Amino acid sequence: MAGQARGKVTVDVEECKGCGLCVESCPPKCLQLEPELNSYGVHPARYTGQDCTGCGICFYCCPEPGAITVYRMKAKAKALATATAPGGEHAAAL
Amino acid sequence: MANESVIGVMDPEVKSEASPEVDPKVNNDGYEQVHSKSPVFYDLYERKSELKHQTHYCPGCGHGVVHKLIAEALQDLGLQDKTIFVSPVGCSVFAYYYFDVGNVQSAHGRAPAAATGVKRSCPDKIVIAYQGDGDLAAIGTAEIVHAANRGEKITVFFVNNGIYGMTGGQMAPTTLVGQKSTTSPWGRRPSNEGFPLHMAELLATLEAPAYIERVALSDNKNIMKARRAIRKALEIQRDGAGFSFVEILSPCPTIWGKDPVEARRWVLEKMTPTFPLNVFRDRRPEMPAGNEKENVPPQRPVADVLGIIPKQGAHDNSKPKHAHHFRDVKIKIAGLGGQGVLLLGQLLIEMGMREGLEVSWLPSYGPEMRSGSAHCHVCLSKERIGSPLISHPDVLVAMNEYSLRKFAHEVVSGGIILYNGASIPADFTAPEVQVVGIPAAEIADKLGSTKAANIVMMGALLEETECLAPGTALSVLEDKVKKLDLLEIDRKALTAGRLFIDEQAHIGAVSQPDGFA
């Protein structure tokens with residue numbers, strides 16, 4: 001990837017009701033509805049993995065208290081983040 | 001499995017962040033959590049169904065957004081631990097499932113009245129009334145107008161979606177002109193149903209409110225304005241500045257029959273022309289100078305204010321004076337209005353209070369002042385009383401035959417029935433209960449007034465149960481009975497009732513060795 005996005009969004013697929021307000025509201029249009037259904041039979045939202053700015057609009061548009069979590073790139077930790085692939089390590093530890 | 005794999009593909013870190021063991025704020029990948037579920041919400045919602053991890057609201061409902069904005073504001077202002085939330089009737093009735101704050105559930109439309117009571121008794125708490133338009137603008141119109149007019153220092157969040165959502169889409173006072181609902185199937189016609197009610201503007205005509213704003217959950221910009229308005233309303237209450245009111249135009253996709261995105265657009269395109277977004281009030285209410293002092297109530301004991309001269313030690317409740325063998329007693333007194341049924345109960349609780357007991361008195365009577373059926377429940381207890389309602393009394397004082405027959409079956413096994421009559425009706429039976437007939441009316445009549453029959457019964461009750469001291473009864477009568485001749489009759493009646501039990505009691509049914517006395 002050329003550069004990491006400034007932000008990141010995670011969606012709790014089982015809390016999401018698939019209303020699509022976040023998809024509609026997202027300024028860089030980096031959210032979309034999942035083609036697969038979740039266990040409640042709705043298409044939950046997902047982050048495409050690109051272009052998130054961490055603005056948080058999707059969080060405020062979402063009616064569910066905990067469906068969306070928004071992250072923003074920490075300025076200081078940038079170098080560290082690009083140096084290794086800690087996400088993979090972390091996932092392996094689990 | 002599909003979800004698992006999708007998450008894995010899209011973002012390998014998601015799983016670790018979703019797990020509660022990992023500190024969500026610390027991320028090795030250089031990202032910092034900026035927006036997440038507020039701790040003002042419970043982790044899991046104690047709902048009846050299995051859906052404990054999501055709200056009961058429909059997809060795209062505005063309530064969820066308002067909940068989040070309130071939760072965020074409470075968290076940021078550090079008010080969670082001092083907030084009392086008054087849930088209304090309507091879709092948001094279940095707010096208490098979600099907010100981890102103090103909660104009161106009020107009757108339909110009465111949230112501002114309940115909030116008034118809560119705020120006045122706990123002025124240092126943050127009291128939020130959260131209401132829908134059917135709740136606030138229809139059945140609760142009086143409550144909101146008067147709470148606002150009194151300038152109660154509460155915050156009201158008014159979620160206006162122009163329709164009754166929970167009950168299935170009936171017309172609300174805020175339904176737009178021409179808007180179809182189940183009760184306006186051809187659209188609202190002003191000639192028949194009137195015009196939409198503008199609550200923010202209406203309340204803004206009053207002097208007292210400190211802050212009134214209307215916002216809309218129609219698009220990103222307006223949602224952020226709503227966020228600021230909600231925060232400001234809570235700040236105003238925190239600072240004690242006065243009544244704050246935020247009207248929030250909110251989508252109801254299900255009832256409007258629109259998808260969530262379309263419904264949100266409809267708020268902007270259709271609702272905001274009728275309900276313009278504006279700050280209608282933003283100032284501290286001006287109270288007339290010097291008025292406050294005059295309105296301060298006299299800080300004197302009630303007895304002083306009422307001119308009651310306390311008998312020696314009569315009002316000294318500092319230490320319990322009840323007999324050490326006192327047992328909690330529940331008394332039901334029943335009869336006709338005019339027989340002094342309710343008064344007898346009041347006299348008993350007054351005596352109880354003077355003996356340092358916890359007491360309660362719950363009257364029940366029909367619309368008639370005289371000759372209707374009346375009864376009251378009296379609890380005397382050493383402990384705090386949970387409910388003043390008595391299902392199974394230890395003692396029933398039946399002032400007439402009707403009450404005797406109606407309530408006898410409620411009396412506990414081993415209990416006592418005191419009946420106002422020389423003889424128990426022949427066909428009346430009450431197993432395992434001691435029934436005592438006292439010709440109270442005749443005794444009182446001989447003493448000078450049949451009105452004193454209730455006092456005869458009181459004398460009998462005290463003698464039979466020994467729950468309160470006769471001396472206390474005398475002092476209470478002396479304070480309560482203003483007419484001297486009546487007081488004299490009452491004194492004699494009290495003694496006569498006691499003597500009757502001592503000397504001539506007609507014992508019926510079964511006498512329990514472990515009964516009172």
# chains A, B, ... in the order shown; residues from 1 in each chain; ligands from 1
>>> interface_residues(of="chain B", to="chain A", cutoff="6 Å", atoms="only C-alpha atoms", output="ChimeraX atom specification")
/B:13,28-37,54,59-60,64-65,68,260-261
>>> select_by_dssp(residues="range 233-426 of chain B", states="strand (DSSP E or B)", output="PyMOL selection string")
chain B and resi 244-249+278-282+329-336+358-365+373-381+395-398+416-420
>>> write_last_selection(atoms="N, CA and C atoms", output="short mmCIF file (atom, residue, chain, number, x, y, z; two decimals), in the first residue's frame")
data_model
loop_
_atom_site.label_atom_id
_atom_site.label_comp_id
_atom_site.auth_asym_id
_atom_site.auth_seq_id
_atom_site.Cartn_x
_atom_site.Cartn_y
_atom_site.Cartn_z
N SER B 244 -33.77 23.87 30.21
CA SER B 244 -33.22 23.75 28.86
C SER B 244 -33.99 22.71 28.08
N PHE B 245 -34.22 23.00 26.80
CA PHE B 245 -35.12 22.20 25.97
C PHE B 245 -34.52 22.10 24.58
N VAL B 246 -34.31 20.88 24.12
CA VAL B 246 -33.81 20.69 22.76
C VAL B 246 -34.81 19.82 22.01
N GLU B 247 -35.36 20.37 20.96
CA GLU B 247 -36.25 19.60 20.09
C GLU B 247 -35.40 19.01 18.97
N ILE B 248 -35.52 17.72 18.77
CA ILE B 248 -34.68 17.05 17.77
C ILE B 248 -35.59 16.41 16.73
N LEU B 249 -35.57 16.94 15.51
CA LEU B 249 -36.34 16.33 14.43
C LEU B 249 -35.63 15.04 14.04
N ASN B 278 -33.58 26.45 14.72
CA ASN B 278 -33.22 27.75 15.26
C ASN B 278 -32.90 27.64 16.75
N VAL B 279 -32.18 28.63 17.24
CA VAL B 279 -32.06 28.78 18.68
C VAL B 279 -33.13 29.79 19.09
N PHE B 280 -34.10 29.33 19.83
CA PHE B 280 -35.23 30.20 20.15
C PHE B 280 -35.02 30.95 21.46
N ARG B 281 -34.13 30.44 22.28
CA ARG B 281 -33.89 31.10 23.56
C ARG B 281 -32.50 30.72 24.02
N ASP B 282 -31.75 31.70 24.44
CA ASP B 282 -30.44 31.41 25.01
C ASP B 282 -30.06 32.55 25.94
N VAL B 329 -47.44 -4.17 63.03
CA VAL B 329 -48.85 -4.48 62.89
C VAL B 329 -49.43 -3.77 61.68
N LYS B 330 -50.24 -4.51 60.94
CA LYS B 330 -50.91 -3.96 59.77
C LYS B 330 -52.40 -3.95 60.04
N ILE B 331 -52.98 -2.79 59.93
CA ILE B 331 -54.39 -2.63 60.30
C ILE B 331 -55.17 -2.14 59.10
N LYS B 332 -56.32 -2.74 58.87
CA LYS B 332 -57.22 -2.23 57.85
C LYS B 332 -58.49 -1.76 58.55
N ILE B 333 -58.87 -0.54 58.26
CA ILE B 333 -60.07 0.02 58.88
C ILE B 333 -61.07 0.30 57.77
N ALA B 334 -62.26 -0.29 57.88
CA ALA B 334 -63.22 -0.16 56.79
C ALA B 334 -64.59 0.18 57.31
N GLY B 335 -65.32 0.93 56.52
CA GLY B 335 -66.68 1.28 56.93
C GLY B 335 -67.29 2.23 55.93
N LEU B 336 -68.21 3.05 56.41
CA LEU B 336 -68.85 4.04 55.55
C LEU B 336 -68.18 5.39 55.72
N GLU B 358 -42.16 3.78 62.52
CA GLU B 358 -42.41 4.10 61.12
C GLU B 358 -43.89 3.84 60.87
N VAL B 359 -44.53 4.75 60.14
CA VAL B 359 -45.97 4.58 59.94
C VAL B 359 -46.34 4.86 58.49
N SER B 360 -47.45 4.31 58.06
CA SER B 360 -48.01 4.70 56.77
C SER B 360 -49.52 4.64 56.85
N TRP B 361 -50.14 5.47 56.05
CA TRP B 361 -51.61 5.55 56.03
C TRP B 361 -52.03 5.69 54.59
N LEU B 362 -52.80 4.74 54.11
CA LEU B 362 -53.21 4.74 52.71
C LEU B 362 -54.73 4.72 52.65
N PRO B 363 -55.35 5.85 52.32
CA PRO B 363 -56.81 5.89 52.29
C PRO B 363 -57.36 5.40 50.94
N SER B 364 -58.57 4.93 50.97
CA SER B 364 -59.24 4.54 49.74
C SER B 364 -60.71 4.84 49.93
N TYR B 365 -61.24 5.70 49.09
CA TYR B 365 -62.65 6.04 49.28
C TYR B 365 -63.26 6.45 47.95
N SER B 373 -68.50 3.84 50.51
CA SER B 373 -67.61 2.89 51.16
C SER B 373 -66.22 3.52 51.28
N ALA B 374 -65.61 3.33 52.44
CA ALA B 374 -64.28 3.91 52.65
C ALA B 374 -63.44 2.94 53.47
N HIS B 375 -62.18 2.89 53.17
CA HIS B 375 -61.29 2.15 54.06
C HIS B 375 -59.89 2.75 54.01
N CYS B 376 -59.09 2.38 54.99
CA CYS B 376 -57.71 2.83 54.95
C CYS B 376 -56.80 1.75 55.49
N HIS B 377 -55.55 1.81 55.05
CA HIS B 377 -54.55 0.84 55.45
C HIS B 377 -53.56 1.55 56.38
N VAL B 378 -53.30 0.98 57.52
CA VAL B 378 -52.36 1.58 58.46
C VAL B 378 -51.26 0.58 58.77
N CYS B 379 -50.04 1.00 58.55
CA CYS B 379 -48.90 0.15 58.93
C CYS B 379 -48.17 0.82 60.08
N LEU B 380 -47.87 0.06 61.10
CA LEU B 380 -47.02 0.53 62.20
C LEU B 380 -45.85 -0.43 62.25
N SER B 381 -44.65 0.11 62.20
CA SER B 381 -43.51 -0.79 62.09
C SER B 381 -42.28 -0.18 62.74
N VAL B 395 -55.05 -6.93 61.67
CA VAL B 395 -56.25 -6.49 62.37
C VAL B 395 -57.19 -5.83 61.36
N LEU B 396 -58.44 -6.25 61.39
CA LEU B 396 -59.45 -5.57 60.58
C LEU B 396 -60.42 -4.88 61.52
N VAL B 397 -60.58 -3.58 61.35
CA VAL B 397 -61.62 -2.87 62.09
C VAL B 397 -62.76 -2.66 61.12
N ALA B 398 -63.84 -3.42 61.32
CA ALA B 398 -64.99 -3.34 60.41
C ALA B 398 -66.07 -2.51 61.07
N ILE B 416 -57.08 -10.61 64.06
CA ILE B 416 -58.21 -10.16 64.86
C ILE B 416 -59.14 -9.31 63.99
N ILE B 417 -60.43 -9.53 64.17
CA ILE B 417 -61.41 -8.64 63.54
C ILE B 417 -62.19 -7.95 64.66
N LEU B 418 -62.19 -6.65 64.64
CA LEU B 418 -63.01 -5.88 65.58
C LEU B 418 -64.20 -5.35 64.80
N TYR B 419 -65.38 -5.75 65.23
CA TYR B 419 -66.59 -5.46 64.48
C TYR B 419 -67.48 -4.52 65.27
N ASN B 420 -67.94 -3.48 64.60
CA ASN B 420 -68.82 -2.50 65.24
C ASN B 420 -70.24 -3.05 65.26
#
>>> select_by_dssp(residues="range 228-287 of chain B", states="helix (DSSP H, G or I)", output="PyMOL selection string")
chain B and resi 228-238+253-256+260-274
>>> write_last_selection(atoms="C-alpha atoms", output="JSON list (two decimals), in the first residue's frame")
[["chain", "number", "residue", "atom", "x", "y", "z"],
["B", 228, "ARG", "CA", -23.53, 20.82, 20.34],
["B", 229, "ALA", "CA", -27.11, 21.65, 21.36],
["B", 230, "ILE", "CA", -27.41, 18.58, 23.58],
["B", 231, "ARG", "CA", -24.10, 19.34, 25.22],
["B", 232, "LYS", "CA", -25.07, 22.96, 25.79],
["B", 233, "ALA", "CA", -28.43, 22.02, 27.30],
["B", 234, "LEU", "CA", -26.67, 19.77, 29.81],
["B", 235, "GLU", "CA", -24.08, 22.44, 30.59],
["B", 236, "ILE", "CA", -26.88, 24.87, 31.32],
["B", 237, "GLN", "CA", -28.40, 22.46, 33.78],
["B", 238, "ARG", "CA", -25.00, 21.71, 35.32],
["B", 253, "PRO", "CA", -38.10, 5.03, 8.72],
["B", 254, "THR", "CA", -40.40, 2.16, 9.70],
["B", 255, "ILE", "CA", -43.58, 4.15, 10.18],
["B", 256, "TRP", "CA", -42.86, 6.61, 7.41],
["B", 260, "PRO", "CA", -33.24, 5.01, 6.48],
["B", 261, "VAL", "CA", -31.33, 7.20, 4.04],
["B", 262, "GLU", "CA", -34.51, 8.43, 2.39],
["B", 263, "ALA", "CA", -36.13, 9.04, 5.78],
["B", 264, "ARG", "CA", -33.21, 11.17, 6.87],
["B", 265, "ARG", "CA", -33.48, 13.23, 3.73],
["B", 266, "TRP", "CA", -37.22, 13.60, 4.35],
["B", 267, "VAL", "CA", -36.44, 15.23, 7.70],
["B", 268, "LEU", "CA", -34.52, 17.94, 5.91],
["B", 269, "GLU", "CA", -36.82, 18.37, 2.93],
["B", 270, "LYS", "CA", -40.25, 18.05, 4.54],
["B", 271, "MET", "CA", -39.92, 18.60, 8.26],
["B", 272, "THR", "CA", -37.56, 21.54, 8.52],
["B", 273, "PRO", "CA", -39.77, 23.88, 6.43],
["B", 274, "THR", "CA", -42.56, 23.33, 8.98]]
>>> atom_distance(atom1="CA of Gly414 in chain B", atom2="CA of Val436 in chain B")
13.0 Å
